[in-house]
Amino acid sequence: MNPSIDPSIASHTLRMGIKKKIGLVAHDHRKSDMLDWAYYNRDILMSHELYGTGTTGGLLSEKLGLPIHRFLSGPLGGDQQLGAAIAEGRLDLLIFFWDPLQAQPHDVDVKALLRIAIVYNIPMACSRSSADFMISSYLMDKPYDRYVVDYGKRLRE
């Protein structure tokens with residue numbers, strides 16, 4: 001860690017390996033977009049470890065033949081499982097094609113997932129263009145040390 005950085009900003013780093021652990025999820029009206037995006041990026045995705053919520057993961061596996069670890073469907077706890085995987089250091093990136101114009105019955109879970117991704121400072125793409133930029137980054141094939149803020153320290157002060 002860079003000693004010039006204030007410890008209140010970055011308390012430690014977590015190393016991402018060359019093979020990234022990528023969470024994939026898409027709301028119903030964005031699933032076809034996710035499938036199209038994943039098809040276009042299939043070769044890149046194949047070299048990483050993929051995780052997805054039930055329906056999204058099932059579609060990616062069935063339609064594109066991608067090996068994917070599946071959680072429950074988002075509304076049934078899959079979003080929370082993805083969040084737990086982030087908090088436990090089991091995911092490196094999150095690609096979440098969410099639909100900002102469609103009311104979600106599990107909206108509170110969606111917001112919690114987005115919040116936990118920020119808390120643990122994992123790269124997150126919520127649109128196709130941000131996913132394109134992220135997956136084409138030269139950092140995708142390299143180890144990377146991401147800074148993690150010690151929010152507990154801030155709460156204890």
# chains A, B, ... in the order shown; residues from 1 in each chain; ligands from 1
$ closest_atom_pairs --of "range 85-155 of chain A" --to "range 25-36 of chain A" --cutoff "8 Å" --atoms "only C-alpha atoms" --output "JSON lines"
{"residue": "A:Ile95", "atom": "CA", "partner": "A:Val25", "partner_atom": "CA", "distance": 6.5}
{"residue": "A:Phe96", "atom": "CA", "partner": "A:Val25", "partner_atom": "CA", "distance": 4.8}
{"residue": "A:Phe97", "atom": "CA", "partner": "A:Ala26", "partner_atom": "CA", "distance": 4.5}
{"residue": "A:Trp98", "atom": "CA", "partner": "A:His27", "partner_atom": "CA", "distance": 5.2}
{"residue": "A:Asp99", "atom": "CA", "partner": "A:His27", "partner_atom": "CA", "distance": 6.0}
{"residue": "A:Arg128", "atom": "CA", "partner": "A:Asp33", "partner_atom": "CA", "distance": 7.8}
$ select_by_dssp --residues "chain A" --states "alpha helix (DSSP H)" --output "ChimeraX atom specification"
/A:31-40,42-46,54-64,78-87,107-119,128-135,151-156
$ closest_atom_pairs --of "range 14-39 of chain A" --to "range 90-93 of chain A" --cutoff "7 Å" --atoms "only C-alpha atoms" --output "JSON lines"
{"residue": "A:Met16", "atom": "CA", "partner": "A:Asp92", "partner_atom": "CA", "distance": 6.4}
{"residue": "A:Lys20", "atom": "CA", "partner": "A:Asp92", "partner_atom": "CA", "distance": 6.0}
{"residue": "A:Lys21", "atom": "CA", "partner": "A:Leu91", "partner_atom": "CA", "distance": 4.9}
{"residue": "A:Ile22", "atom": "CA", "partner": "A:Leu93", "partner_atom": "CA", "distance": 4.9}
{"residue": "A:Gly23", "atom": "CA", "partner": "A:Leu93", "partner_atom": "CA", "distance": 6.1}
$ closest_residue --among "A:Arg15, A:Arg70, A:Leu60, A:Asp79" --to "Trp37 in chain A" --atoms "only C-alpha atoms"
A:Leu60
$ atom_distance --atom1 "CA of Lys142 in chain A" --atom2 "CA of Gly58 in chain A"
28.3 Å
$ select_by_dssp --residues "range 26-107 of chain A" --states "strand (DSSP E or B)" --output "list of chain:residue names"
A:Ala26, A:Glu49, A:Leu50, A:Tyr51, A:Gly52, A:Ile68, A:His69, A:Arg70, A:Leu93, A:Leu94, A:Ile95, A:Phe96, A:Phe97
$ closest_residue --among "A:Asn121, A:Leu59, A:Gly65, A:Leu24" --to "Arg42 in chain A" --atoms "only C-alpha atoms"
A:Gly65
$ closest_residue --among "A:Met140, A:Asp109, A:Gly78, A:Leu94" --to "Met124 in chain A" --atoms "only C-alpha atoms"
A:Leu94
$ residues_around --residues "Arg146 in chain A" --least-positions-apart "3" --cutoff "12 Å" --atoms "only C-alpha atoms" --output "PyMOL selection string"
chain A and resi 1-2+10-17+89+92-93+118-123+139+143+149
$ write_last_selection --atoms "N, CA and C atoms" --output "mmCIF file, in the first residue's frame"
data_model
loop_
_atom_site.group_PDB
_atom_site.id
_atom_site.type_symbol
_atom_site.label_atom_id
_atom_site.label_comp_id
_atom_site.auth_asym_id
_atom_site.auth_seq_id
_atom_site.Cartn_x
_atom_site.Cartn_y
_atom_site.Cartn_z
ATOM 1 N N MET A 1 0.843 -1.181 0.000
ATOM 2 C CA MET A 1 0.000 0.000 0.000
ATOM 3 C C MET A 1 0.882 1.235 0.000
ATOM 4 N N ASN A 2 0.423 2.254 -0.663
ATOM 5 C CA ASN A 2 1.143 3.510 -0.765
ATOM 6 C C ASN A 2 1.125 4.223 0.594
ATOM 7 N N ALA A 10 -7.719 4.215 2.772
ATOM 8 C CA ALA A 10 -7.429 2.844 2.354
ATOM 9 C C ALA A 10 -6.698 2.139 3.479
ATOM 10 N N SER A 11 -7.345 1.191 4.117
ATOM 11 C CA SER A 11 -6.725 0.530 5.247
ATOM 12 C C SER A 11 -5.896 -0.678 4.824
ATOM 13 N N HIS A 12 -6.289 -1.307 3.722
ATOM 14 C CA HIS A 12 -5.535 -2.446 3.224
ATOM 15 C C HIS A 12 -5.916 -2.706 1.763
ATOM 16 N N THR A 13 -5.245 -3.649 1.168
ATOM 17 C CA THR A 13 -5.568 -4.015 -0.205
ATOM 18 C C THR A 13 -5.965 -5.486 -0.251
ATOM 19 N N LEU A 14 -6.730 -5.818 -1.260
ATOM 20 C CA LEU A 14 -7.062 -7.206 -1.560
ATOM 21 C C LEU A 14 -6.593 -7.475 -2.977
ATOM 22 N N ARG A 15 -5.911 -8.590 -3.165
ATOM 23 C CA ARG A 15 -5.348 -8.923 -4.471
ATOM 24 C C ARG A 15 -6.343 -9.686 -5.326
ATOM 25 N N MET A 16 -6.515 -9.181 -6.530
ATOM 26 C CA MET A 16 -7.243 -9.919 -7.557
ATOM 27 C C MET A 16 -6.203 -10.662 -8.375
ATOM 28 N N GLY A 17 -6.461 -11.905 -8.650
ATOM 29 C CA GLY A 17 -5.542 -12.681 -9.471
ATOM 30 C C GLY A 17 -5.720 -12.365 -10.947
ATOM 31 N N GLY A 89 -14.961 -11.542 -0.079
ATOM 32 C CA GLY A 89 -13.794 -11.524 -0.955
ATOM 33 C C GLY A 89 -13.820 -12.590 -2.026
ATOM 34 N N ASP A 92 -14.541 -10.436 -7.615
ATOM 35 C CA ASP A 92 -13.638 -9.339 -7.945
ATOM 36 C C ASP A 92 -14.330 -8.212 -8.710
ATOM 37 N N LEU A 93 -15.316 -8.552 -9.521
ATOM 38 C CA LEU A 93 -16.006 -7.574 -10.354
ATOM 39 C C LEU A 93 -17.491 -7.890 -10.374
ATOM 40 N N ILE A 118 -19.722 -0.928 -3.661
ATOM 41 C CA ILE A 118 -18.977 0.307 -3.413
ATOM 42 C C ILE A 118 -18.175 0.193 -2.116
ATOM 43 N N VAL A 119 -18.778 -0.341 -1.069
ATOM 44 C CA VAL A 119 -18.091 -0.481 0.221
ATOM 45 C C VAL A 119 -16.801 -1.274 0.059
ATOM 46 N N TYR A 120 -16.844 -2.347 -0.734
ATOM 47 C CA TYR A 120 -15.659 -3.193 -0.916
ATOM 48 C C TYR A 120 -14.850 -2.819 -2.149
ATOM 49 N N ASN A 121 -15.194 -1.702 -2.774
ATOM 50 C CA ASN A 121 -14.415 -1.125 -3.862
ATOM 51 C C ASN A 121 -14.140 -2.110 -4.989
ATOM 52 N N ILE A 122 -15.181 -2.850 -5.392
ATOM 53 C CA ILE A 122 -14.966 -3.717 -6.546
ATOM 54 C C ILE A 122 -15.437 -2.984 -7.802
ATOM 55 N N PRO A 123 -14.774 -3.208 -8.920
ATOM 56 C CA PRO A 123 -15.226 -2.602 -10.167
ATOM 57 C C PRO A 123 -16.643 -3.087 -10.478
ATOM 58 N N LEU A 139 -6.127 -4.201 -17.327
ATOM 59 C CA LEU A 139 -6.036 -4.779 -15.977
ATOM 60 C C LEU A 139 -6.757 -6.124 -15.861
ATOM 61 N N PRO A 143 -2.709 -9.243 -12.267
ATOM 62 C CA PRO A 143 -3.090 -9.127 -10.851
ATOM 63 C C PRO A 143 -3.331 -7.653 -10.530
ATOM 64 N N VAL A 149 -11.472 0.338 2.086
ATOM 65 C CA VAL A 149 -11.610 1.295 3.181
ATOM 66 C C VAL A 149 -12.057 0.552 4.438
#
$ closest_residue --among "A:Ile44, A:Gly54, A:Gly83, A:Glu62" --to "Ser137 in chain A" --atoms "only C-alpha atoms"
A:Ile44
$ atom_distance --atom1 "CA of Met134 in chain A" --atom2 "CA of Gly77 in chain A"
26.2 Å
$ atom_distance --atom1 "CA of Ala117 in chain A" --atom2 "CA of Ser47 in chain A"
22.4 Å
